[in-house]
>>> print(open('final-v1.txt').read())   # compact mmCIF, C-alpha atoms and all ligand atoms
# COMPACT_ATOMS: atom_id res chain seq x y z
CA MET A 103 -6.51 -16.41 -5.18
CA VAL A 104 -6.56 -14.92 -1.70
CA VAL A 105 -7.32 -11.20 -1.78
CA ARG A 106 -6.52 -8.60 0.84
CA ILE A 107 -8.41 -5.38 1.58
CA ASN A 108 -6.27 -2.73 3.25
CA PRO A 109 -8.19 0.42 4.23
CA SER A 110 -6.13 3.61 4.11
CA ILE A 111 -6.43 5.71 7.25
CA LEU A 112 -5.66 8.79 5.16
CA ALA A 113 -9.47 8.94 4.77
CA ALA A 114 -10.15 8.42 8.51
CA ASP A 115 -10.96 11.10 11.08
CA PHE A 116 -7.49 12.27 12.17
CA ALA A 117 -8.82 13.28 15.60
CA ASN A 118 -10.12 9.77 16.36
CA PHE A 119 -7.77 7.12 15.02
CA GLU A 120 -8.46 4.60 17.76
CA SER A 121 -12.20 4.47 17.13
CA GLU A 122 -11.65 4.66 13.36
CA LEU A 123 -9.44 1.56 13.58
CA GLN A 124 -12.23 -0.27 15.41
CA ARG A 125 -14.55 0.43 12.47
CA ILE A 126 -12.22 -1.54 10.17
CA ALA A 127 -11.62 -4.57 12.40
CA SER A 128 -12.34 -6.88 9.43
CA ALA A 129 -9.52 -5.37 7.34
CA ASP A 130 -6.60 -7.58 6.39
CA LEU A 131 -3.98 -4.89 7.02
CA VAL A 132 -4.17 -1.21 7.90
CA HIS A 133 -2.62 0.99 5.19
CA VAL A 134 -0.69 3.94 6.63
CA ASP A 135 0.36 6.72 4.22
CA ILE A 136 3.52 8.51 5.30
CA MET A 137 4.02 11.77 3.33
CA ASP A 138 6.86 14.22 3.83
CA ASN A 139 5.80 17.28 1.80
CA HIS A 140 8.85 16.73 -0.44
CA PHE A 141 8.36 13.50 -2.37
CA VAL A 142 4.66 14.42 -2.56
CA PRO A 143 3.03 17.82 -1.95
CA ASN A 144 1.24 16.73 1.21
CA LEU A 145 2.17 15.99 4.82
CA THR A 146 0.71 13.35 7.09
CA PHE A 147 2.52 11.73 10.01
CA GLY A 148 5.63 9.75 10.83
CA LEU A 149 7.25 7.13 12.99
CA THR A 150 5.90 8.32 16.34
CA MET A 151 2.35 8.01 15.03
CA VAL A 152 3.04 4.55 13.60
CA GLU A 153 4.40 3.35 16.94
CA ARG A 154 1.23 4.54 18.67
CA LEU A 155 -1.13 3.13 16.03
CA GLN A 156 0.45 -0.27 16.50
CA GLN A 157 -0.57 -0.17 20.13
CA VAL A 158 -4.25 0.41 19.39
CA THR A 159 -4.91 -2.07 16.58
CA PRO A 160 -4.32 -5.81 16.38
CA ARG A 161 -4.19 -5.58 12.58
CA PRO A 162 -0.77 -5.61 10.87
CA LEU A 163 0.36 -2.25 9.50
CA ASP A 164 1.03 -1.79 5.78
CA ILE A 165 3.31 1.26 5.68
CA HIS A 166 3.40 3.26 2.41
CA LEU A 167 6.31 5.67 2.45
CA MET A 168 5.85 8.62 0.10
CA ILE A 169 9.07 10.24 1.26
CA ASP A 170 12.47 11.27 -0.03
CA ASP A 171 15.51 9.29 1.07
CA PRO A 172 13.74 6.07 2.13
CA ASP A 173 17.21 4.46 2.26
CA ARG A 174 17.70 6.46 5.42
CA TRP A 175 14.21 6.47 6.94
CA ALA A 176 12.47 3.20 6.00
CA PRO A 177 14.43 0.88 8.31
CA GLY A 178 13.09 2.77 11.35
CA TYR A 179 9.56 1.66 10.46
CA ALA A 180 10.69 -1.95 10.26
CA GLU A 181 12.49 -1.60 13.58
CA ALA A 182 9.26 -0.25 15.07
CA GLY A 183 7.64 -3.58 14.16
CA ALA A 184 5.68 -2.65 11.04
CA PHE A 185 4.53 -5.80 9.24
CA SER A 186 5.17 -4.37 5.78
CA VAL A 187 7.20 -1.36 4.61
CA THR A 188 6.78 -0.13 1.02
CA PHE A 189 9.01 2.62 -0.37
CA HIS A 190 8.96 4.35 -3.76
CA ALA A 191 11.28 3.20 -6.53
CA GLU A 192 11.60 6.81 -7.69
CA ALA A 193 12.96 7.90 -4.30
CA ALA A 194 15.30 5.08 -3.34
CA ALA A 195 19.01 5.26 -4.18
CA ASP A 196 19.46 1.49 -3.90
CA PRO A 197 16.10 -0.33 -3.83
CA VAL A 198 17.57 -3.83 -3.61
CA ALA A 199 19.88 -2.97 -0.72
CA LEU A 200 17.03 -1.25 1.10
CA ALA A 201 14.66 -4.20 0.59
CA ARG A 202 17.31 -6.58 1.93
CA ARG A 203 17.77 -4.37 4.96
CA LEU A 204 14.02 -4.27 5.66
CA ARG A 205 13.78 -8.04 5.40
CA SER A 206 16.77 -8.52 7.67
CA ILE A 207 14.98 -6.47 10.31
CA GLY A 208 11.93 -8.71 9.93
CA ALA A 209 9.49 -6.66 7.82
CA ARG A 210 8.04 -7.49 4.44
CA ALA A 211 9.68 -5.28 1.83
CA GLY A 212 7.58 -3.52 -0.79
CA ILE A 213 8.40 -1.35 -3.77
CA ALA A 214 5.95 1.23 -5.13
CA LEU A 215 5.76 2.61 -8.66
CA LYS A 216 4.12 5.91 -9.61
CA PRO A 217 1.78 5.79 -12.65
CA ASP A 218 4.48 6.94 -15.08
CA THR A 219 7.22 4.67 -13.74
CA PRO A 220 7.78 1.61 -15.96
CA VAL A 221 7.61 -1.87 -14.42
CA GLU A 222 10.19 -3.49 -16.69
CA PRO A 223 13.29 -2.85 -14.55
CA TYR A 224 11.60 -4.55 -11.59
CA LEU A 225 10.31 -7.68 -13.33
CA GLU A 226 13.68 -9.36 -12.89
CA LEU A 227 14.04 -8.28 -9.27
CA LEU A 228 10.92 -9.94 -7.89
CA ALA A 229 12.85 -12.22 -5.58
CA GLU A 230 14.01 -9.14 -3.67
CA PHE A 231 10.51 -7.98 -2.76
CA ASP A 232 7.45 -9.27 -0.88
CA GLN A 233 5.10 -6.76 -2.44
CA VAL A 234 4.91 -4.56 -5.54
CA LEU A 235 2.58 -1.55 -5.35
CA VAL A 236 1.37 -0.28 -8.71
CA MET A 237 -0.07 3.17 -7.95
CA THR A 238 -3.43 3.75 -9.63
CA VAL A 239 -3.33 7.51 -8.90
CA GLU A 240 -0.51 10.03 -8.55
CA PRO A 241 0.56 9.65 -4.91
CA GLY A 242 -0.20 12.48 -2.52
CA PHE A 243 -3.93 12.70 -1.96
CA GLY A 244 -6.95 10.53 -1.26
CA GLY A 245 -10.17 10.79 -3.22
CA GLN A 246 -8.67 10.84 -6.73
CA SER A 247 -9.96 8.91 -9.74
CA PHE A 248 -8.57 5.48 -10.62
CA MET A 249 -6.21 5.57 -13.64
CA GLU A 250 -7.12 2.68 -15.91
CA SER A 251 -3.99 3.49 -17.94
CA THR A 252 -1.94 1.70 -15.25
CA MET A 253 -3.61 -1.67 -15.88
CA PRO A 254 -1.10 -2.90 -18.50
CA LYS A 255 1.66 -2.47 -15.89
CA LEU A 256 -0.37 -4.53 -13.44
CA GLY A 257 -0.86 -7.25 -16.04
CA ALA A 258 2.84 -7.36 -16.88
CA MET A 259 3.73 -7.62 -13.21
CA ARG A 260 1.15 -10.38 -12.61
CA SER A 261 2.57 -12.40 -15.50
CA ALA A 262 6.09 -12.03 -14.16
CA ILE A 263 5.02 -13.04 -10.65
CA ALA A 264 3.21 -16.10 -12.00
CA ALA A 265 6.21 -17.08 -14.12
CA SER A 266 8.54 -16.66 -11.14
CA GLY A 267 6.51 -18.89 -8.83
CA LEU A 268 7.23 -16.41 -6.03
CA ASP A 269 4.63 -15.33 -3.49
CA VAL A 270 4.86 -11.59 -4.18
CA TRP A 271 1.75 -9.60 -3.31
CA LEU A 272 0.56 -7.24 -6.04
CA GLN A 273 -1.03 -4.15 -4.57
CA VAL A 274 -3.06 -1.31 -6.08
CA ASP A 275 -3.65 2.01 -4.34
CA GLY A 276 -5.81 4.94 -5.37
CA GLY A 277 -9.42 5.32 -6.49
CA ILE A 278 -10.42 1.78 -5.52
CA THR A 279 -14.22 1.40 -5.40
CA GLU A 280 -16.58 -1.53 -5.84
CA GLU A 281 -16.36 -0.89 -9.60
CA THR A 282 -12.64 -0.29 -10.06
CA VAL A 283 -11.70 -3.16 -7.73
CA VAL A 284 -13.09 -5.48 -10.43
CA THR A 285 -10.87 -3.95 -13.13
CA ALA A 286 -7.81 -4.15 -10.90
CA ALA A 287 -8.53 -7.75 -9.87
CA GLU A 288 -9.00 -8.80 -13.50
CA SER A 289 -5.66 -7.15 -14.32
CA GLY A 290 -3.89 -9.17 -11.63
CA ALA A 291 -4.00 -7.31 -8.31
CA ASP A 292 -4.48 -9.33 -5.12
CA THR A 293 -4.06 -6.59 -2.50
CA PHE A 294 -6.33 -3.55 -2.57
CA VAL A 295 -5.90 -0.27 -0.72
CA ALA A 296 -9.10 1.73 -0.29
CA GLY A 297 -9.41 5.00 1.60
CA SER A 298 -12.49 7.02 0.69
CA SER A 299 -14.63 4.06 -0.36
CA VAL A 300 -14.21 2.45 3.08
CA PHE A 301 -14.06 5.33 5.55
CA HIS A 302 -16.64 7.52 3.81
CA ALA A 303 -19.14 4.65 3.64
CA ASP A 304 -21.98 4.55 6.18
CA ASN A 305 -20.68 1.17 7.29
CA PRO A 306 -16.96 0.54 6.68
CA ALA A 307 -17.28 -3.16 7.56
CA THR A 308 -19.88 -3.60 4.84
CA ALA A 309 -17.72 -1.62 2.40
CA ILE A 310 -14.78 -3.93 3.13
CA GLU A 311 -16.92 -7.03 2.50
CA ILE A 312 -18.28 -5.61 -0.77
CA LEU A 313 -14.74 -4.92 -1.99
CA ARG A 314 -13.55 -8.34 -0.82
CA SER A 315 -16.27 -10.30 -2.57
CA ALA A 316 -15.97 -8.28 -5.80
CA ALA A 317 -12.19 -8.73 -5.82
CA SER A 318 -12.41 -12.46 -5.01
CA ALA A 319 -14.91 -13.07 -7.78
CA HIS A 320 -12.65 -11.45 -10.37
CA SER A 321 -9.14 -12.30 -9.19
CA HIS A 322 -6.93 -14.71 -11.08
C1 LIG B 401 -2.52 8.27 -2.14
C2 LIG B 401 -2.42 7.26 -1.03
C3 LIG B 401 -3.57 6.36 -0.94
C4 LIG B 401 -4.88 7.04 -0.60
C5 LIG B 401 -5.95 6.32 -1.33
O1 LIG B 401 -1.30 8.91 -2.29
O2 LIG B 401 -1.26 6.46 -1.20
O3 LIG B 401 -3.31 5.30 -0.03
O4 LIG B 401 -5.19 7.03 0.77
O5 LIG B 401 -7.14 6.99 -1.14
P1 LIG B 401 -8.44 6.69 -2.03
O6 LIG B 401 -8.81 5.27 -1.81
O7 LIG B 401 -9.44 7.67 -1.49
O8 LIG B 401 -8.05 6.97 -3.46
ZN ZN B 402 -1.09 4.64 0.00
>>> encode(input="final-v1.txt", output="structure tokens", more="lines below")
Ligand code: DX5
Ligand code: ZN
Amino acid sequence: MVVRINPSILAADFANFESELQRIASADLVHVDIMDNHFVPNLTFGLTMVERLQQVTPRPLDIHLMIDDPDRWAPGYAEAGAFSVTFHAEAAADPVALARRLRSIGARAGIALKPDTPVEPYLELLAEFDQVLVMTVEPGFGGQSFMESTMPKLGAMRSAIAASGLDVWLQVDGGITEETVVTAAESGADTFVAGSSVFHADNPATAIEILRSAASAHSH
């Protein structure tokens, strides 16, 4: 299975995004965490920053919206040209309608689930989404420990994707290291977000390759 490594710029130097993006030129996508200080108790950046980031990296942007009212705000990120826009199931009033809207604008539509949010309601809705993000930490902060308790959800989602025959990417985000990437790959993930383990490494390009080969060796 093809695996993707998406470094999260939440762990980058916020004063030097352009040079930080050059350090992860071998990434598949660039993961951008949008936090509004309401859905999560942390604040990052918004649409203006995303528009500018797109101008300084050739890599596609993987937008992770940790915000209230994504029904209202998510389409703007698609209109800005983001490759992928993922919103939280817990925050969306009408996830299917929002995903359809994102796709109609031309973005991939993703749905994210917090660690305590069950996957079952979404197993039958896979055709509506291009990506499912199973959070492996509580959203809000980088540098937290991987929650192995989320692996059964990942496995259930992988089985449903396989049974559906659809090409839905299955993403994990939070606490991904060269050790936990193996656990997540074995449980069915194919798309791996990594913040600290990439940007805090001496050589981010090497860190990306280590994650990629470990994930490839253990993916389904
Ligand atoms: C957490 C964010 C993650 C975060 C991951 O709310 O969604 O993308 O950057 O950081 P690490 O890899 O350090 O756990
Ligand atoms: Zn994220």
>>> atom_distance(input="final-v1.txt", atom1="CA of Phe189 in chain A", atom2="CA of Ile136 in chain A")
9.8 Å
>>> residues_around(input="final-v1.txt", residues="range 237-247 of chain A", least_positions_apart="2", cutoff="8 Å", atoms="only C-alpha atoms", output="list in words")
Leu112, Ala113, Met137, Val142, Pro143, Asn144, Met168, Ala214, Leu215, Lys216, Pro217, Leu235, Met249, Glu250, Thr252, Val274, Asp275, Gly276, Gly277, Gly297 and Ser298 of chain A
>>> closest_residue(input="final-v1.txt", among="A:Gln273, A:Ala229, A:Ala265, A:Gln124", to="Thr188 in chain A", atoms="only C-alpha atoms")
A:Gln273
>>> residues_around(input="final-v1.txt", residues="Thr293 in chain A", least_positions_apart="3", cutoff="8 Å", atoms="all atoms listed in the file", output="count of residues only")
8
>>> residues_near_ligand(input="final-v1.txt", ligand="ligand ZN 402 (chain B)", cutoff="7 Å", atoms="only C-alpha atoms and all ligand atoms", output="PyMOL selection string")
chain A and resi 110+133-135+166+275+295
>>> closest_residue(input="final-v1.txt", among="A:Thr150, A:Ser261, A:Ser299, A:Gln156", to="ligand LIG 401 (chain B)", atoms="all atoms listed in the file")
A:Ser299
>>> closest_residue(input="final-v1.txt", among="A:Met253, A:Ser318, A:Ile111, A:Ile310", to="Asp130 in chain A", atoms="only C-alpha atoms")
A:Ile310
>>> atom_distance(input="final-v1.txt", atom1="CA of Ala195 in chain A", atom2="CA of Asp173 in chain A")
6.7 Å
>>> atom_distance(input="final-v1.txt", atom1="CA of Ala316 in chain A", atom2="CA of Ser251 in chain A")
20.7 Å
>>> residues_around(input="final-v1.txt", residues="range 230-233 of chain A", least_positions_apart="2", cutoff="6 Å", atoms="only C-alpha atoms", output="PyMOL selection string")
chain A and resi 210-212+227-228+270-272
>>> write_last_selection(input="final-v1.txt", atoms="C-alpha atoms", output="tab-separated table (two decimals), in the frame of the given file")
chain	number	residue	atom	x	y	z
A	210	ARG	CA	8.04	-7.49	4.44
A	211	ALA	CA	9.68	-5.28	1.83
A	212	GLY	CA	7.58	-3.52	-0.79
A	227	LEU	CA	14.04	-8.28	-9.27
A	228	LEU	CA	10.92	-9.94	-7.89
A	270	VAL	CA	4.86	-11.59	-4.18
A	271	TRP	CA	1.75	-9.60	-3.31
A	272	LEU	CA	0.56	-7.24	-6.04
>>> residues_around(input="final-v1.txt", residues="Gly183 in chain A", least_positions_apart="5", cutoff="9 Å", atoms="all atoms listed in the file", output="VMD selection string")
chain A and resid 153 156 163 178 207 to 209
>>> residues_around(input="final-v1.txt", residues="range 279-289 of chain A", least_positions_apart="2", cutoff="8 Å", atoms="only C-alpha atoms", output="PyMOL selection string")
chain A and resi 248+253-254+256-257+260+274+277+291-292+294+296+299+312-313+316-318+320-322
>>> closest_residue(input="final-v1.txt", among="A:Ile165, A:Ala262, A:Ala117, A:Ala193", to="ligand LIG 401 (chain B)", atoms="all atoms listed in the file")
A:Ile165
>>> closest_residue(input="final-v1.txt", among="A:Thr308, A:Ser128, A:Asn139, A:Asn118", to="ligand LIG 401 (chain B)", atoms="only C-alpha atoms and all ligand atoms")
A:Asn139
>>> build_atoms(input="final-v1.txt", residues="range 224-235 of chain A", atoms="all heavy atoms", output="CSV table (one decimal), keeping the file's coordinate frame")
chain,number,residue,atom,x,y,z
A,224,TYR,N,11.9,-3.8,-12.9
A,224,TYR,CA,11.6,-4.6,-11.6
A,224,TYR,C,11.1,-6.0,-11.8
A,224,TYR,O,11.1,-6.8,-10.9
A,224,TYR,CB,10.6,-3.7,-10.7
A,224,TYR,CG,11.1,-2.3,-10.6
A,224,TYR,CD1,10.7,-1.3,-11.4
A,224,TYR,CD2,12.1,-2.1,-9.6
A,224,TYR,CE1,11.2,0.0,-11.3
A,224,TYR,CE2,12.7,-0.8,-9.5
A,224,TYR,CZ,12.2,0.2,-10.3
A,224,TYR,OH,12.8,1.4,-10.2
A,225,LEU,N,10.8,-6.3,-13.1
A,225,LEU,CA,10.3,-7.7,-13.3
A,225,LEU,C,11.4,-8.7,-13.0
A,225,LEU,O,11.0,-9.9,-12.6
A,225,LEU,CB,9.9,-7.8,-14.8
A,225,LEU,CG,8.8,-6.9,-15.3
A,225,LEU,CD1,8.5,-7.0,-16.7
A,225,LEU,CD2,7.5,-7.1,-14.5
A,226,GLU,N,12.6,-8.4,-13.1
A,226,GLU,CA,13.7,-9.4,-12.9
A,226,GLU,C,14.2,-9.3,-11.4
A,226,GLU,O,15.0,-10.1,-11.1
A,226,GLU,CB,14.9,-9.1,-13.8
A,226,GLU,CG,14.6,-9.3,-15.3
A,226,GLU,CD,15.5,-8.6,-16.2
A,226,GLU,OE1,16.6,-8.1,-15.7
A,226,GLU,OE2,15.3,-8.5,-17.4
A,227,LEU,N,13.6,-8.4,-10.7
A,227,LEU,CA,14.0,-8.3,-9.3
A,227,LEU,C,13.0,-8.8,-8.3
A,227,LEU,O,13.1,-8.5,-7.1
A,227,LEU,CB,14.3,-6.8,-9.0
A,227,LEU,CG,15.4,-6.1,-9.8
A,227,LEU,CD1,15.5,-4.6,-9.5
A,227,LEU,CD2,16.8,-6.8,-9.4
A,228,LEU,N,12.0,-9.6,-8.8
A,228,LEU,CA,10.9,-9.9,-7.9
A,228,LEU,C,11.3,-10.7,-6.6
A,228,LEU,O,10.7,-10.6,-5.6
A,228,LEU,CB,9.9,-10.8,-8.7
A,228,LEU,CG,9.1,-10.0,-9.7
A,228,LEU,CD1,8.2,-10.9,-10.5
A,228,LEU,CD2,8.2,-8.9,-8.9
A,229,ALA,N,12.4,-11.4,-6.7
A,229,ALA,CA,12.8,-12.2,-5.6
A,229,ALA,C,13.3,-11.3,-4.4
A,229,ALA,O,13.4,-11.8,-3.3
A,229,ALA,CB,14.0,-13.1,-6.0
A,230,GLU,N,13.5,-10.1,-4.7
A,230,GLU,CA,14.0,-9.1,-3.7
A,230,GLU,C,12.9,-8.5,-2.9
A,230,GLU,O,13.1,-7.8,-1.9
A,230,GLU,CB,14.8,-8.0,-4.3
A,230,GLU,CG,16.0,-8.5,-5.1
A,230,GLU,CD,17.2,-9.0,-4.2
A,230,GLU,OE1,17.1,-8.8,-3.0
A,230,GLU,OE2,18.1,-9.7,-4.7
A,231,PHE,N,11.6,-8.7,-3.4
A,231,PHE,CA,10.5,-8.0,-2.8
A,231,PHE,C,9.4,-8.9,-2.4
A,231,PHE,O,9.2,-10.0,-3.0
A,231,PHE,CB,10.0,-6.9,-3.7
A,231,PHE,CG,11.0,-5.9,-4.1
A,231,PHE,CD1,11.6,-6.0,-5.4
A,231,PHE,CD2,11.4,-4.9,-3.3
A,231,PHE,CE1,12.6,-5.1,-5.7
A,231,PHE,CE2,12.3,-4.0,-3.6
A,231,PHE,CZ,13.0,-4.0,-4.8
A,232,ASP,N,8.6,-8.5,-1.3
A,232,ASP,CA,7.4,-9.3,-0.9
A,232,ASP,C,6.2,-8.7,-1.4
A,232,ASP,O,5.1,-9.3,-1.4
A,232,ASP,CB,7.4,-9.3,0.7
A,232,ASP,CG,8.6,-9.9,1.3
A,232,ASP,OD1,8.8,-11.1,1.1
A,232,ASP,OD2,9.4,-9.2,1.9
A,233,GLN,N,6.3,-7.4,-1.9
A,233,GLN,CA,5.1,-6.8,-2.4
A,233,GLN,C,5.5,-5.7,-3.5
A,233,GLN,O,6.6,-5.1,-3.3
A,233,GLN,CB,4.4,-6.0,-1.3
A,233,GLN,CG,3.2,-5.1,-1.7
A,233,GLN,CD,2.3,-4.7,-0.6
A,233,GLN,OE1,1.5,-5.5,-0.2
A,233,GLN,NE2,2.5,-3.5,-0.1
A,234,VAL,N,4.7,-5.6,-4.6
A,234,VAL,CA,4.9,-4.6,-5.5
A,234,VAL,C,3.6,-3.8,-5.5
A,234,VAL,O,2.5,-4.3,-5.6
A,234,VAL,CB,5.2,-5.1,-7.0
A,234,VAL,CG1,5.2,-3.9,-8.0
A,234,VAL,CG2,6.5,-5.9,-7.0
A,235,LEU,N,3.7,-2.4,-5.3
A,235,LEU,CA,2.6,-1.6,-5.4
A,235,LEU,C,2.6,-0.8,-6.7
A,235,LEU,O,3.5,0.1,-6.9
A,235,LEU,CB,2.7,-0.6,-4.1
A,235,LEU,CG,1.7,0.6,-4.2
A,235,LEU,CD1,0.3,0.2,-4.4
A,235,LEU,CD2,1.9,1.4,-2.8
